[in-house]
>>> print(open('data38.pdb').read())   # PDB, C-alpha atoms
ATOM      1  CA  MET A   1      36.154   0.419   8.999  1.00  0.00           C
ATOM      2  CA  SER A   2      33.613   1.130   6.318  1.00  0.00           C
ATOM      3  CA  ILE A   3      33.005  -0.540   2.993  1.00  0.00           C
ATOM      4  CA  CYS A   4      34.791   1.122   0.073  1.00  0.00           C
ATOM      5  CA  PRO A   5      33.491   0.539  -3.455  1.00  0.00           C
ATOM      6  CA  LYS A   6      36.107  -0.772  -5.894  1.00  0.00           C
ATOM      7  CA  ASN A   7      34.707   1.186  -8.845  1.00  0.00           C
ATOM      8  CA  LYS A   8      32.440   4.189  -9.288  1.00  0.00           C
ATOM      9  CA  SER A   9      28.777   3.399  -9.918  1.00  0.00           C
ATOM     10  CA  SER A  10      27.441   5.425 -12.816  1.00  0.00           C
ATOM     11  CA  ALA A  11      24.350   7.562 -12.325  1.00  0.00           C
ATOM     12  CA  SER A  12      22.301   5.410 -14.690  1.00  0.00           C
ATOM     13  CA  ARG A  13      23.210   2.197 -12.837  1.00  0.00           C
ATOM     14  CA  ARG A  14      22.416   3.833  -9.507  1.00  0.00           C
ATOM     15  CA  ASP A  15      19.099   5.186 -10.778  1.00  0.00           C
ATOM     16  CA  LYS A  16      18.083   1.826 -12.257  1.00  0.00           C
ATOM     17  CA  ARG A  17      18.443   0.323  -8.804  1.00  0.00           C
ATOM     18  CA  ARG A  18      16.294   3.067  -7.283  1.00  0.00           C
ATOM     19  CA  ALA A  19      13.611   2.849  -9.993  1.00  0.00           C
ATOM     20  CA  ASN A  20      11.796   0.020  -8.201  1.00  0.00           C
ATOM     21  CA  TRP A  21      10.817   2.172  -5.190  1.00  0.00           C
ATOM     22  CA  LYS A  22       7.357   3.116  -6.365  1.00  0.00           C
ATOM     23  CA  MET A  23       3.993   3.072  -4.672  1.00  0.00           C
ATOM     24  CA  ASP A  24       1.499   0.325  -5.410  1.00  0.00           C
ATOM     25  CA  VAL A  25      -2.121   0.966  -6.269  1.00  0.00           C
ATOM     26  CA  PRO A  26      -4.231   0.168  -3.185  1.00  0.00           C
ATOM     27  CA  ASN A  27      -6.270  -3.011  -3.499  1.00  0.00           C
ATOM     28  CA  LEU A  28      -9.979  -2.167  -3.250  1.00  0.00           C
ATOM     29  CA  VAL A  29     -12.834  -4.622  -2.741  1.00  0.00           C
ATOM     30  CA  PRO A  30     -16.600  -3.975  -2.663  1.00  0.00           C
ATOM     31  CA  CYS A  31     -18.236  -3.802   0.767  1.00  0.00           C
ATOM     32  CA  SER A  32     -20.410  -6.849   1.465  1.00  0.00           C
ATOM     33  CA  LYS A  33     -23.263  -4.678   2.797  1.00  0.00           C
ATOM     34  CA  CYS A  34     -23.364  -1.453   0.747  1.00  0.00           C
ATOM     35  CA  GLY A  35     -21.142  -2.296  -2.235  1.00  0.00           C
ATOM     36  CA  GLU A  36     -18.880   0.759  -1.796  1.00  0.00           C
ATOM     37  CA  LEU A  37     -15.206   0.197  -2.662  1.00  0.00           C
ATOM     38  CA  MET A  38     -13.045  -0.140   0.460  1.00  0.00           C
ATOM     39  CA  MET A  39      -9.668  -1.516   1.511  1.00  0.00           C
ATOM     40  CA  PRO A  40      -9.847  -5.171   2.613  1.00  0.00           C
ATOM     41  CA  HIS A  41      -9.828  -6.042   6.333  1.00  0.00           C
ATOM     42  CA  ARG A  42     -10.895  -2.501   7.300  1.00  0.00           C
ATOM     43  CA  VAL A  43     -14.149  -0.956   8.514  1.00  0.00           C
ATOM     44  CA  CYS A  44     -16.216   0.450   5.639  1.00  0.00           C
ATOM     45  CA  LYS A  45     -16.229   4.256   5.774  1.00  0.00           C
ATOM     46  CA  ASN A  46     -19.612   4.445   4.064  1.00  0.00           C
ATOM     47  CA  CYS A  47     -21.764   2.141   6.240  1.00  0.00           C
ATOM     48  CA  GLY A  48     -19.493   1.444   9.250  1.00  0.00           C
ATOM     49  CA  THR A  49     -19.577  -2.355   9.000  1.00  0.00           C
ATOM     50  CA  TYR A  50     -16.853  -4.993   9.187  1.00  0.00           C
ATOM     51  CA  ASN A  51     -17.447  -8.640   8.324  1.00  0.00           C
ATOM     52  CA  LYS A  52     -21.204  -7.954   7.899  1.00  0.00           C
ATOM     53  CA  LYS A  53     -21.444  -6.607  11.473  1.00  0.00           C
ATOM     54  CA  GLU A  54     -22.096  -2.961  12.346  1.00  0.00           C
ATOM     55  CA  VAL A  55     -19.051  -1.638  14.166  1.00  0.00           C
ATOM     56  CA  ILE A  56     -19.597   2.122  13.933  1.00  0.00           C
ATOM     57  CA  PRO A  57     -23.226   3.182  14.505  1.00  0.00           C
ATOM     58  CA  GLN A  58     -24.566   5.358  11.670  1.00  0.00           C
ATOM     59  CA  ASP A  59     -27.118   8.117  12.215  1.00  0.00           C
TER
END
>>> encode(input="data38.pdb", output="structure tokens")
Amino acid sequence: MSICPKNKSSASRRDKRRANWKMDVPNLVPCSKCGELMMPHRVCKNCGTYNKKEVIPQD
């Protein structure tokens, strides 16, 4: 058995419920070594460091 709605939901009511499914702006923080904006708790793409330690060697 499936759930049957008692009354019809209007399109505006349905769309109001779906209006909250939007993307958030990514949180960016400056890198502690080079100052480039990066996502927190990730390796910096510019200098290759994480937590002030070099993880990816740069040429």
>>> resolve_selection(input="data38.pdb", expression="the PyMOL selection byres ((chain A and resi 47) around 12)", output="MDAnalysis selection string")
chainID A and resid 30:38 42:46 48:59
>>> write_last_selection(input="data38.pdb", atoms="C-alpha atoms", output="mmCIF file, in the coordinates of the input")
data_model
loop_
_atom_site.group_PDB
_atom_site.id
_atom_site.type_symbol
_atom_site.label_atom_id
_atom_site.label_comp_id
_atom_site.auth_asym_id
_atom_site.auth_seq_id
_atom_site.Cartn_x
_atom_site.Cartn_y
_atom_site.Cartn_z
ATOM 1 C CA PRO A 30 -16.600 -3.975 -2.663
ATOM 2 C CA CYS A 31 -18.236 -3.802 0.767
ATOM 3 C CA SER A 32 -20.410 -6.849 1.465
ATOM 4 C CA LYS A 33 -23.263 -4.678 2.797
ATOM 5 C CA CYS A 34 -23.364 -1.453 0.747
ATOM 6 C CA GLY A 35 -21.142 -2.296 -2.235
ATOM 7 C CA GLU A 36 -18.880 0.759 -1.796
ATOM 8 C CA LEU A 37 -15.206 0.197 -2.662
ATOM 9 C CA MET A 38 -13.045 -0.140 0.460
ATOM 10 C CA ARG A 42 -10.895 -2.501 7.300
ATOM 11 C CA VAL A 43 -14.149 -0.956 8.514
ATOM 12 C CA CYS A 44 -16.216 0.450 5.639
ATOM 13 C CA LYS A 45 -16.229 4.256 5.774
ATOM 14 C CA ASN A 46 -19.612 4.445 4.064
ATOM 15 C CA GLY A 48 -19.493 1.444 9.250
ATOM 16 C CA THR A 49 -19.577 -2.355 9.000
ATOM 17 C CA TYR A 50 -16.853 -4.993 9.187
ATOM 18 C CA ASN A 51 -17.447 -8.640 8.324
ATOM 19 C CA LYS A 52 -21.204 -7.954 7.899
ATOM 20 C CA LYS A 53 -21.444 -6.607 11.473
ATOM 21 C CA GLU A 54 -22.096 -2.961 12.346
ATOM 22 C CA VAL A 55 -19.051 -1.638 14.166
ATOM 23 C CA ILE A 56 -19.597 2.122 13.933
ATOM 24 C CA PRO A 57 -23.226 3.182 14.505
ATOM 25 C CA GLN A 58 -24.566 5.358 11.670
ATOM 26 C CA ASP A 59 -27.118 8.117 12.215
#
>>> atom_distance(input="data38.pdb", atom1="CA of Pro26 in chain A", atom2="CA of Met39 in chain A")
7.4 Å
>>> atom_distance(input="data38.pdb", atom1="CA of Met23 in chain A", atom2="CA of Lys8 in chain A")
28.8 Å
>>> axis_aligned_box(input="data38.pdb", around="range 21-34 of chain A", padding_each_side="4 Å", output="AutoDock Vina command-line options")
--center_x -6.3 --center_y -1.9 --center_z -1.8 --size_x 42.2 --size_y 18.0 --size_z 17.2
>>> decode(input="data38.pdb", residues="range 3-57 of chain A", atoms="C-alpha atoms", output="tab-separated table (two decimals), in the first residue's frame")
chain	number	residue	atom	x	y	z
A	3	ILE	CA	0.46	6.79	0.76
A	4	CYS	CA	-2.37	8.69	-0.93
A	5	PRO	CA	-2.60	12.46	-0.46
A	6	LYS	CA	-5.97	13.67	0.84
A	7	ASN	CA	-5.90	16.88	-1.21
A	8	LYS	CA	-4.03	18.11	-4.26
A	9	SER	CA	-0.93	20.19	-3.55
A	10	SER	CA	-0.90	23.32	-5.67
A	11	ALA	CA	2.11	24.06	-7.85
A	12	SER	CA	3.05	27.11	-5.80
A	13	ARG	CA	2.99	25.14	-2.52
A	14	ARG	CA	5.05	22.37	-4.10
A	15	ASP	CA	7.56	24.84	-5.54
A	16	LYS	CA	7.92	26.70	-2.24
A	17	ARG	CA	9.00	23.44	-0.65
A	18	ARG	CA	11.55	22.84	-3.39
A	19	ALA	CA	12.91	26.40	-3.29
A	20	ASN	CA	15.32	25.58	-0.45
A	21	TRP	CA	17.42	23.16	-2.55
A	22	LYS	CA	20.10	25.61	-3.59
A	23	MET	CA	23.86	25.42	-3.57
A	24	ASP	CA	25.86	27.18	-0.89
A	25	VAL	CA	28.82	29.41	-1.61
A	26	PRO	CA	32.01	27.47	-0.78
A	27	ASN	CA	33.77	28.67	2.35
A	28	LEU	CA	37.25	29.92	1.44
A	29	VAL	CA	40.09	30.68	3.85
A	30	PRO	CA	43.56	32.11	3.14
A	31	CYS	CA	46.44	29.63	3.01
A	32	SER	CA	48.74	29.96	6.04
A	33	LYS	CA	51.87	29.83	3.84
A	34	CYS	CA	51.10	31.65	0.57
A	35	GLY	CA	47.87	33.51	1.39
A	36	GLU	CA	45.96	32.10	-1.62
A	37	LEU	CA	42.25	31.43	-1.01
A	38	MET	CA	41.54	27.71	-0.56
A	39	MET	CA	38.89	25.42	0.91
A	40	PRO	CA	39.53	24.59	4.58
A	41	HIS	CA	41.02	21.21	5.54
A	42	ARG	CA	42.36	20.65	2.00
A	43	VAL	CA	45.82	20.81	0.43
A	44	CYS	CA	46.53	24.24	-1.09
A	45	LYS	CA	46.57	24.01	-4.89
A	46	ASN	CA	48.97	26.94	-5.18
A	47	CYS	CA	51.84	25.88	-2.86
A	48	GLY	CA	50.98	22.23	-2.06
A	49	THR	CA	50.99	22.60	1.73
A	50	TYR	CA	48.59	21.41	4.43
A	51	ASN	CA	48.81	22.54	8.04
A	52	LYS	CA	52.07	24.43	7.28
A	53	LYS	CA	53.73	21.22	6.01
A	54	GLU	CA	54.65	20.58	2.37
A	55	VAL	CA	52.59	17.65	1.15
A	56	ILE	CA	52.97	17.97	-2.63
A	57	PRO	CA	56.51	18.89	-3.74
